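Asks: Here you go, this is data-v1.cif (mmCIF, N, CA and C atoms).
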```
data_my_file
#
loop_
_atom_site.label_atom_id
_atom_site.label_comp_id
_atom_site.auth_asym_id
_atom_site.auth_seq_id
_atom_site.Cartn_x
_atom_site.Cartn_y
_atom_site.Cartn_z
N MET A 1 81.85 290.97 53.85
CA MET A 1 80.84 290.75 52.85
C MET A 1 79.82 289.75 53.38
N ALA A 2 78.61 290.20 53.47
CA ALA A 2 77.54 289.35 53.98
C ALA A 2 76.95 288.54 52.85
N ASP A 3 76.63 287.31 53.15
CA ASP A 3 76.01 286.43 52.17
C ASP A 3 74.51 286.72 52.14
N THR A 4 74.01 287.21 51.03
CA THR A 4 72.60 287.58 50.94
C THR A 4 71.72 286.40 50.59
N ASN A 5 72.30 285.25 50.29
CA ASN A 5 71.52 284.07 49.92
C ASN A 5 71.12 283.23 51.13
N VAL A 6 71.55 283.61 52.32
CA VAL A 6 71.23 282.84 53.52
C VAL A 6 69.77 283.06 53.86
N LYS A 7 69.05 281.95 53.99
CA LYS A 7 67.63 282.03 54.29
C LYS A 7 67.44 282.17 55.80
N GLN A 8 66.78 283.23 56.20
CA GLN A 8 66.50 283.47 57.61
C GLN A 8 65.17 282.82 57.96
N PRO A 9 65.09 282.20 59.13
CA PRO A 9 63.81 281.60 59.53
C PRO A 9 62.76 282.69 59.72
N SER A 10 61.53 282.35 59.42
CA SER A 10 60.46 283.34 59.60
C SER A 10 60.27 283.61 61.09
N THR A 11 59.71 284.78 61.37
CA THR A 11 59.51 285.18 62.76
C THR A 11 58.55 284.24 63.47
N SER A 12 57.49 283.82 62.79
CA SER A 12 56.52 282.93 63.43
C SER A 12 57.14 281.56 63.71
N ALA A 13 57.98 281.05 62.81
CA ALA A 13 58.63 279.75 63.04
C ALA A 13 59.59 279.85 64.22
N THR A 14 60.31 280.94 64.30
CA THR A 14 61.23 281.16 65.43
C THR A 14 60.45 281.29 66.73
N GLN A 15 59.34 282.00 66.70
CA GLN A 15 58.50 282.17 67.89
C GLN A 15 57.91 280.84 68.33
N ASN A 16 57.49 280.02 67.37
CA ASN A 16 56.94 278.71 67.71
C ASN A 16 57.98 277.82 68.36
N LYS A 17 59.21 277.85 67.83
CA LYS A 17 60.29 277.06 68.44
C LYS A 17 60.57 277.56 69.85
N THR A 18 60.58 278.87 70.01
CA THR A 18 60.83 279.45 71.34
C THR A 18 59.74 279.03 72.32
N ASN A 19 58.50 279.08 71.89
CA ASN A 19 57.39 278.66 72.75
C ASN A 19 57.50 277.18 73.10
N ALA A 20 57.90 276.35 72.15
CA ALA A 20 58.06 274.92 72.41
C ALA A 20 59.20 274.68 73.40
N ILE A 21 60.28 275.42 73.26
CA ILE A 21 61.39 275.30 74.22
C ILE A 21 60.95 275.71 75.60
N LEU A 22 60.23 276.82 75.69
CA LEU A 22 59.73 277.28 76.99
C LEU A 22 58.78 276.27 77.62
N ALA A 23 57.98 275.61 76.79
CA ALA A 23 57.07 274.59 77.31
C ALA A 23 57.84 273.44 77.95
N TRP A 24 58.99 273.09 77.40
CA TRP A 24 59.79 272.01 77.99
C TRP A 24 60.55 272.48 79.22
N VAL A 25 61.12 273.68 79.16
CA VAL A 25 61.98 274.12 80.25
C VAL A 25 61.19 274.53 81.49
N PHE A 26 60.10 275.25 81.30
CA PHE A 26 59.34 275.77 82.44
C PHE A 26 58.01 275.07 82.65
N ALA A 27 57.92 273.84 82.25
CA ALA A 27 56.66 273.10 82.39
C ALA A 27 56.44 272.73 83.85
N PRO A 28 55.26 272.49 84.29
CA PRO A 28 53.99 272.53 83.58
C PRO A 28 53.34 273.91 83.56
N ILE A 29 53.98 274.92 84.14
CA ILE A 29 53.39 276.25 84.20
C ILE A 29 53.13 276.81 82.81
N THR A 30 54.15 276.81 81.96
CA THR A 30 53.99 277.39 80.63
C THR A 30 53.20 276.47 79.70
N SER A 31 53.13 275.20 80.02
CA SER A 31 52.40 274.27 79.16
C SER A 31 50.93 274.65 79.07
N PHE A 32 50.36 275.09 80.18
CA PHE A 32 48.96 275.51 80.16
C PHE A 32 48.76 276.71 79.24
N ILE A 33 49.75 277.59 79.20
CA ILE A 33 49.67 278.78 78.35
C ILE A 33 49.73 278.38 76.88
N PHE A 34 50.62 277.46 76.53
CA PHE A 34 50.85 277.10 75.14
C PHE A 34 49.92 275.99 74.62
N MET A 35 49.09 275.41 75.48
CA MET A 35 48.19 274.35 75.02
C MET A 35 47.15 274.90 74.05
N ASN A 36 46.83 276.17 74.14
CA ASN A 36 45.84 276.78 73.25
C ASN A 36 46.49 277.55 72.11
N ASP A 37 47.77 277.31 71.89
CA ASP A 37 48.50 277.99 70.82
C ASP A 37 47.95 277.57 69.46
N LYS A 38 48.08 278.43 68.49
CA LYS A 38 47.59 278.13 67.13
C LYS A 38 48.50 277.13 66.42
N ASP A 39 49.75 277.09 66.79
CA ASP A 39 50.71 276.20 66.13
C ASP A 39 50.61 274.78 66.71
N GLU A 40 50.46 273.79 65.83
CA GLU A 40 50.32 272.39 66.25
C GLU A 40 51.58 271.87 66.94
N PHE A 41 52.75 272.26 66.44
CA PHE A 41 54.01 271.80 67.02
C PHE A 41 54.14 272.26 68.46
N THR A 42 53.81 273.51 68.71
CA THR A 42 53.89 274.04 70.07
C THR A 42 52.88 273.34 70.98
N LYS A 43 51.69 273.08 70.47
CA LYS A 43 50.68 272.37 71.25
C LYS A 43 51.16 270.98 71.65
N LYS A 44 51.73 270.27 70.68
CA LYS A 44 52.20 268.90 70.95
C LYS A 44 53.34 268.91 71.97
N CYS A 45 54.28 269.85 71.82
CA CYS A 45 55.38 269.95 72.79
C CYS A 45 54.84 270.26 74.18
N ALA A 46 53.86 271.15 74.25
CA ALA A 46 53.28 271.51 75.54
C ALA A 46 52.57 270.32 76.18
N LYS A 47 51.85 269.54 75.36
CA LYS A 47 51.16 268.36 75.90
C LYS A 47 52.15 267.33 76.43
N HIS A 48 53.17 267.04 75.64
CA HIS A 48 54.16 266.05 76.08
C HIS A 48 54.89 266.52 77.33
N SER A 49 55.20 267.79 77.37
CA SER A 49 55.89 268.35 78.52
C SER A 49 55.00 268.31 79.77
N MET A 50 53.72 268.63 79.59
CA MET A 50 52.82 268.63 80.73
C MET A 50 52.60 267.21 81.26
N TYR A 51 52.45 266.25 80.38
CA TYR A 51 52.29 264.86 80.82
C TYR A 51 53.55 264.39 81.56
N PHE A 52 54.70 264.78 81.06
CA PHE A 52 55.93 264.42 81.78
C PHE A 52 55.98 265.12 83.13
N GLY A 53 55.53 266.37 83.19
CA GLY A 53 55.49 267.10 84.46
C GLY A 53 54.59 266.43 85.49
N VAL A 54 53.44 265.94 85.03
CA VAL A 54 52.52 265.24 85.93
C VAL A 54 53.15 263.93 86.42
N ALA A 55 53.75 263.19 85.51
CA ALA A 55 54.41 261.94 85.89
C ALA A 55 55.58 262.22 86.84
N ASP A 56 56.31 263.29 86.58
CA ASP A 56 57.43 263.69 87.44
C ASP A 56 56.93 263.98 88.85
N PHE A 57 55.82 264.71 88.96
CA PHE A 57 55.25 265.03 90.27
C PHE A 57 54.83 263.77 91.01
N ILE A 58 54.17 262.86 90.31
CA ILE A 58 53.72 261.61 90.94
C ILE A 58 54.91 260.79 91.43
N ILE A 59 55.94 260.72 90.63
CA ILE A 59 57.14 259.97 91.03
C ILE A 59 57.79 260.60 92.26
N TRP A 60 57.83 261.93 92.31
CA TRP A 60 58.40 262.60 93.48
C TRP A 60 57.58 262.31 94.74
N VAL A 61 56.26 262.34 94.62
CA VAL A 61 55.42 262.04 95.78
C VAL A 61 55.68 260.61 96.25
N LEU A 62 55.77 259.67 95.31
CA LEU A 62 56.04 258.28 95.68
C LEU A 62 57.41 258.12 96.33
N LEU A 63 58.40 258.83 95.81
CA LEU A 63 59.74 258.75 96.41
C LEU A 63 59.77 259.34 97.81
N ILE A 64 59.07 260.43 98.02
CA ILE A 64 59.04 261.05 99.36
C ILE A 64 58.30 260.14 100.34
N LEU A 65 57.17 259.58 99.90
CA LEU A 65 56.44 258.65 100.77
C LEU A 65 57.28 257.40 101.04
N GLY A 66 57.95 256.90 100.02
CA GLY A 66 58.81 255.74 100.20
C GLY A 66 59.96 256.03 101.16
N SER A 67 60.50 257.22 101.07
CA SER A 67 61.58 257.61 101.97
C SER A 67 61.09 257.69 103.41
N THR A 68 59.91 258.27 103.58
CA THR A 68 59.37 258.43 104.93
C THR A 68 59.03 257.08 105.55
N PHE A 69 58.18 256.33 104.87
CA PHE A 69 57.75 255.06 105.44
C PHE A 69 58.84 253.99 105.37
N GLY A 70 59.67 254.05 104.35
CA GLY A 70 60.80 253.12 104.27
C GLY A 70 61.80 253.37 105.38
N GLY A 71 61.98 254.63 105.72
CA GLY A 71 62.88 254.96 106.82
C GLY A 71 62.35 254.52 108.16
N ILE A 72 61.04 254.63 108.33
CA ILE A 72 60.43 254.20 109.59
C ILE A 72 60.49 252.68 109.74
N LEU A 73 60.16 251.98 108.66
CA LEU A 73 60.09 250.52 108.74
C LEU A 73 61.46 249.84 108.75
N THR A 74 62.46 250.48 108.14
CA THR A 74 63.77 249.83 108.05
C THR A 74 64.84 250.54 108.87
N PHE A 75 64.41 251.40 109.77
CA PHE A 75 65.32 252.12 110.66
C PHE A 75 66.35 252.96 109.89
N GLY A 76 65.92 253.60 108.82
CA GLY A 76 66.77 254.54 108.09
C GLY A 76 67.36 254.03 106.80
N ILE A 77 67.39 252.74 106.61
CA ILE A 77 67.98 252.20 105.38
C ILE A 77 67.13 252.55 104.17
N GLY A 78 65.80 252.53 104.33
CA GLY A 78 64.90 252.90 103.24
C GLY A 78 65.06 254.35 102.84
N THR A 79 65.35 255.21 103.82
CA THR A 79 65.55 256.63 103.52
C THR A 79 66.81 256.82 102.69
N ILE A 80 67.85 256.09 103.02
CA ILE A 80 69.10 256.19 102.25
C ILE A 80 68.87 255.72 100.81
N CYS A 81 68.17 254.60 100.65
CA CYS A 81 67.90 254.09 99.30
C CYS A 81 67.04 255.05 98.50
N CYS A 82 66.00 255.60 99.12
CA CYS A 82 65.13 256.54 98.41
C CYS A 82 65.84 257.85 98.11
N THR A 83 66.76 258.25 98.96
CA THR A 83 67.53 259.46 98.69
C THR A 83 68.41 259.27 97.45
N ILE A 84 69.00 258.10 97.34
CA ILE A 84 69.79 257.79 96.13
C ILE A 84 68.88 257.78 94.90
N LEU A 85 67.70 257.19 95.03
CA LEU A 85 66.75 257.19 93.92
C LEU A 85 66.30 258.61 93.56
N MET A 86 66.15 259.46 94.56
CA MET A 86 65.78 260.86 94.30
C MET A 86 66.86 261.58 93.50
N LEU A 87 68.11 261.33 93.84
CA LEU A 87 69.22 261.94 93.10
C LEU A 87 69.25 261.46 91.65
N VAL A 88 69.04 260.16 91.47
CA VAL A 88 69.03 259.60 90.11
C VAL A 88 67.85 260.16 89.33
N TRP A 89 66.67 260.22 89.96
CA TRP A 89 65.50 260.74 89.26
C TRP A 89 65.66 262.23 88.93
N SER A 90 66.29 262.99 89.81
CA SER A 90 66.54 264.41 89.53
C SER A 90 67.39 264.57 88.27
N ALA A 91 68.44 263.79 88.17
CA ALA A 91 69.31 263.86 86.99
C ALA A 91 68.55 263.43 85.74
N ALA A 92 67.76 262.37 85.84
CA ALA A 92 66.99 261.90 84.68
C ALA A 92 65.95 262.92 84.25
N SER A 93 65.29 263.55 85.20
CA SER A 93 64.27 264.55 84.90
C SER A 93 64.88 265.77 84.21
N ILE A 94 66.00 266.21 84.69
CA ILE A 94 66.69 267.35 84.06
C ILE A 94 67.14 266.97 82.65
N ALA A 95 67.65 265.75 82.49
CA ALA A 95 68.10 265.30 81.17
C ALA A 95 66.93 265.25 80.18
N VAL A 96 65.77 264.77 80.62
CA VAL A 96 64.61 264.71 79.74
C VAL A 96 64.19 266.11 79.32
N ARG A 97 64.19 267.05 80.25
CA ARG A 97 63.82 268.44 79.93
C ARG A 97 64.81 269.04 78.92
N ILE A 98 66.09 268.79 79.12
CA ILE A 98 67.10 269.33 78.20
C ILE A 98 66.94 268.70 76.82
N ILE A 99 66.75 267.39 76.76
CA ILE A 99 66.58 266.71 75.48
C ILE A 99 65.33 267.24 74.77
N GLY A 100 64.24 267.42 75.52
CA GLY A 100 63.02 267.96 74.93
C GLY A 100 63.22 269.36 74.37
N ALA A 101 63.94 270.20 75.10
CA ALA A 101 64.19 271.57 74.64
C ALA A 101 65.08 271.59 73.40
N VAL A 102 66.11 270.74 73.38
CA VAL A 102 67.00 270.68 72.22
C VAL A 102 66.25 270.17 71.00
N LYS A 103 65.44 269.13 71.19
CA LYS A 103 64.65 268.61 70.06
C LYS A 103 63.66 269.66 69.56
N ALA A 104 63.05 270.40 70.47
CA ALA A 104 62.12 271.46 70.08
C ALA A 104 62.85 272.56 69.30
N ASN A 105 64.06 272.85 69.70
CA ASN A 105 64.86 273.85 68.98
C ASN A 105 65.18 273.38 67.57
N ASN A 106 65.33 272.07 67.39
CA ASN A 106 65.59 271.51 66.06
C ASN A 106 64.32 271.28 65.26
N GLY A 107 63.17 271.59 65.85
CA GLY A 107 61.90 271.41 65.15
C GLY A 107 61.37 270.00 65.21
N GLU A 108 61.89 269.19 66.14
CA GLU A 108 61.46 267.80 66.28
C GLU A 108 60.64 267.65 67.55
N LEU A 109 59.70 266.72 67.53
CA LEU A 109 58.90 266.44 68.71
C LEU A 109 59.57 265.33 69.51
N PHE A 110 59.82 265.58 70.79
CA PHE A 110 60.42 264.57 71.66
C PHE A 110 59.32 263.86 72.41
N GLU A 111 59.24 262.56 72.22
CA GLU A 111 58.26 261.75 72.92
C GLU A 111 58.97 260.96 74.01
N VAL A 112 58.61 261.23 75.25
CA VAL A 112 59.21 260.54 76.38
C VAL A 112 58.69 259.10 76.39
N PRO A 113 59.60 258.12 76.43
CA PRO A 113 59.15 256.72 76.43
C PRO A 113 58.19 256.44 77.59
N LEU A 114 57.22 255.61 77.36
CA LEU A 114 56.16 255.20 78.30
C LEU A 114 55.15 256.31 78.57
N ILE A 115 55.58 257.49 78.80
CA ILE A 115 54.68 258.59 79.16
C ILE A 115 53.98 259.14 77.91
N SER A 116 54.68 259.21 76.81
CA SER A 116 54.10 259.80 75.60
C SER A 116 52.99 258.94 75.01
N LYS A 117 52.92 257.69 75.39
CA LYS A 117 51.83 256.84 74.90
C LYS A 117 50.49 257.27 75.47
N MET A 118 50.50 258.00 76.59
CA MET A 118 49.28 258.48 77.21
C MET A 118 48.75 259.76 76.57
N VAL A 119 49.59 260.47 75.83
CA VAL A 119 49.20 261.75 75.24
C VAL A 119 48.23 261.49 74.10
N LYS A 120 47.09 262.15 74.17
CA LYS A 120 46.10 262.04 73.10
C LYS A 120 46.32 263.19 72.14
N GLU A 121 46.58 262.87 70.92
CA GLU A 121 46.86 263.90 69.90
C GLU A 121 45.61 264.54 69.42
#
```
Write the structure described by the file as structure tokens, please.

Replies:
Amino acid sequence: MADTNVKQPSTSATQNKTNAILAWVFAPITSFIFMNDKDEFTKKCAKHSMYFGVADFIIWVLLILGSTFGGILTFGIGTICCTILMLVWSAASIAVRIIGAVKANNGELFEVPLISKMVKE
């Protein structure tokens, strides 16, 4: 016996959540697609995800440069330290993406600390 009183989410609400999740998981590629979306929630998720993606890229460039020049200047010790930092940052970046996708699935906007202050609404 099926319960007929269960309220099903509307198709557009489900689609908006899906778009917001995709913006977090496959950013910054999909963020450009969803930035012009009609839904405000999807737009905000795409903006926050794209800003995090840009910050993520900059941090990776700095870590790679630090590894290269740190390794040259410290005879390899800097490379070991930066490699450890790269592993930690990889885990943190994946965790932020997962948290953003889960929050988007719940209909909540996830604001990444420090980075979300740069997002202009």

Asks: Kindly indicate which residue among A:Asn106, A:Ser49, A:Thr42, A:Thr74 lies nearest to Ala20 in chain A, using all atoms listed in the file for the distances.

Replies: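 Answer, going by the shortest atom-to-atom distance: A:Thr42.
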
Asks: Run through the PyMOL selection byres (((chain A and resi 25 and name CA) around 8) and name CA) on the given coordinates and return the selected residues as a ChimeraX atom specification.

Replies: /A:21-24,26-27,97-98,101

Asks: Quick one: DSSP alpha helix (DSSP H) residues in range 71-116 of chain A, as an MDAnalysis selection string?

Replies: chainID A and resid 71:73 77:105

Asks: May I have the residues at most 12 Å from (59.4, 258.5, 72.8) in the file's coordinates, counting only C-alpha atoms, as a PDB file with N, CA and C atoms, in the coordinates of the input?

Replies:
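Once everything was written out, this is part10.pdb:
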```pdb
ATOM      1  N   HIS A  48      53.170 267.040  75.640  1.00  0.00           N
ATOM      2  CA  HIS A  48      54.160 266.050  76.080  1.00  0.00           C
ATOM      3  C   HIS A  48      54.890 266.520  77.330  1.00  0.00           C
ATOM      4  N   SER A  49      55.200 267.790  77.370  1.00  0.00           N
ATOM      5  CA  SER A  49      55.890 268.350  78.520  1.00  0.00           C
ATOM      6  C   SER A  49      55.000 268.310  79.770  1.00  0.00           C
ATOM      7  N   PHE A  52      54.700 264.780  81.060  1.00  0.00           N
ATOM      8  CA  PHE A  52      55.930 264.420  81.780  1.00  0.00           C
ATOM      9  C   PHE A  52      55.980 265.120  83.130  1.00  0.00           C
ATOM     10  N   VAL A  96      65.770 264.770  80.620  1.00  0.00           N
ATOM     11  CA  VAL A  96      64.610 264.710  79.740  1.00  0.00           C
ATOM     12  C   VAL A  96      64.190 266.110  79.320  1.00  0.00           C
ATOM     13  N   ILE A  99      66.750 267.390  76.760  1.00  0.00           N
ATOM     14  CA  ILE A  99      66.580 266.710  75.480  1.00  0.00           C
ATOM     15  C   ILE A  99      65.330 267.240  74.770  1.00  0.00           C
ATOM     16  N   GLY A 100      64.240 267.420  75.520  1.00  0.00           N
ATOM     17  CA  GLY A 100      63.020 267.960  74.930  1.00  0.00           C
ATOM     18  C   GLY A 100      63.220 269.360  74.370  1.00  0.00           C
ATOM     19  N   LYS A 103      65.440 269.130  71.190  1.00  0.00           N
ATOM     20  CA  LYS A 103      64.650 268.610  70.060  1.00  0.00           C
ATOM     21  C   LYS A 103      63.660 269.660  69.560  1.00  0.00           C
ATOM     22  N   GLU A 108      61.890 269.190  66.140  1.00  0.00           N
ATOM     23  CA  GLU A 108      61.460 267.800  66.280  1.00  0.00           C
ATOM     24  C   GLU A 108      60.640 267.650  67.550  1.00  0.00           C
ATOM     25  N   LEU A 109      59.700 266.720  67.530  1.00  0.00           N
ATOM     26  CA  LEU A 109      58.900 266.440  68.710  1.00  0.00           C
ATOM     27  C   LEU A 109      59.570 265.330  69.510  1.00  0.00           C
ATOM     28  N   PHE A 110      59.820 265.580  70.790  1.00  0.00           N
ATOM     29  CA  PHE A 110      60.420 264.570  71.660  1.00  0.00           C
ATOM     30  C   PHE A 110      59.320 263.860  72.410  1.00  0.00           C
ATOM     31  N   GLU A 111      59.240 262.560  72.220  1.00  0.00           N
ATOM     32  CA  GLU A 111      58.260 261.750  72.920  1.00  0.00           C
ATOM     33  C   GLU A 111      58.970 260.960  74.010  1.00  0.00           C
ATOM     34  N   VAL A 112      58.610 261.230  75.250  1.00  0.00           N
ATOM     35  CA  VAL A 112      59.210 260.540  76.380  1.00  0.00           C
ATOM     36  C   VAL A 112      58.690 259.100  76.390  1.00  0.00           C
ATOM     37  N   PRO A 113      59.600 258.120  76.430  1.00  0.00           N
ATOM     38  CA  PRO A 113      59.150 256.720  76.430  1.00  0.00           C
ATOM     39  C   PRO A 113      58.190 256.440  77.590  1.00  0.00           C
ATOM     40  N   LEU A 114      57.220 255.610  77.360  1.00  0.00           N
ATOM     41  CA  LEU A 114      56.160 255.200  78.300  1.00  0.00           C
ATOM     42  C   LEU A 114      55.150 256.310  78.570  1.00  0.00           C
ATOM     43  N   ILE A 115      55.580 257.490  78.800  1.00  0.00           N
ATOM     44  CA  ILE A 115      54.680 258.590  79.160  1.00  0.00           C
ATOM     45  C   ILE A 115      53.980 259.140  77.910  1.00  0.00           C
ATOM     46  N   SER A 116      54.680 259.210  76.810  1.00  0.00           N
ATOM     47  CA  SER A 116      54.100 259.800  75.600  1.00  0.00           C
ATOM     48  C   SER A 116      52.990 258.940  75.010  1.00  0.00           C
ATOM     49  N   LYS A 117      52.920 257.690  75.390  1.00  0.00           N
ATOM     50  CA  LYS A 117      51.830 256.840  74.900  1.00  0.00           C
ATOM     51  C   LYS A 117      50.490 257.270  75.470  1.00  0.00           C
ATOM     52  N   MET A 118      50.500 258.000  76.590  1.00  0.00           N
ATOM     53  CA  MET A 118      49.280 258.480  77.210  1.00  0.00           C
ATOM     54  C   MET A 118      48.750 259.760  76.570  1.00  0.00           C
ATOM     55  N   VAL A 119      49.590 260.470  75.830  1.00  0.00           N
ATOM     56  CA  VAL A 119      49.200 261.750  75.240  1.00  0.00           C
ATOM     57  C   VAL A 119      48.230 261.490  74.100  1.00  0.00           C
TER      58      VAL A 119
END
```

Asks: Work out how far CA of Asn16 in chain A is from CA of Asp39 in chain A, in Å to one decimal.

Replies: 6.9 Å

Asks: So how many Å separate CA of Lys44 in chain A and CA of Val61 in chain A, to one decimal?

Replies: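 Between CA of Lys44 in chain A and CA of Val61 in chain A the gap is 26.0 Å.
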
Asks: Do a neighbour search on Leu65 in chain A at 12 Å with only C-alpha atoms, toss out local chain neighbours closer than 4 positions, and write the hits as number ranges by chain.

Replies: A: 58-61, 69-73, 78-79, 82-83, 86

Asks: Report the centre and edge lengths, in Å to one decimal, of an axis-aligned box enclosing every atom of range 85-100 of chain A listed in the file, padded by 6 Å on each side, as JSON.

Replies:
```
{"center_x": 66.2, "center_y": 263.3, "center_z": 84.7, "size_x": 18.3, "size_y": 24.2, "size_z": 32.7}
```

Asks: Which of these residues is nearest to Cys45 in chain A, using all atoms listed in the file: A:Cys81, A:Asn19, A:Phe57, A:Ala95?

Replies: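 Looking at the shortest contact to Cys45 in chain A, the residue is A:Asn19.
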
Asks: From the list A:Leu62, A:Leu85, A:Ala46, A:Ile33, which residue is nearest Ala104 in chain A when using only C-alpha atoms?

Replies: A:Ala46

Asks: Between CA of Ser90 in chain A and CA of Val54 in chain A, what distance in Å does the model show, to one decimal?

Replies: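 Distance between the two atoms: 14.5 Å.
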
Asks: Restricting the calculation to only C-alpha atoms, which member of A:Tyr51, A:Thr14, A:Thr30, A:Leu63 is positioned closest to Trp89 in chain A?

Replies: A:Leu63
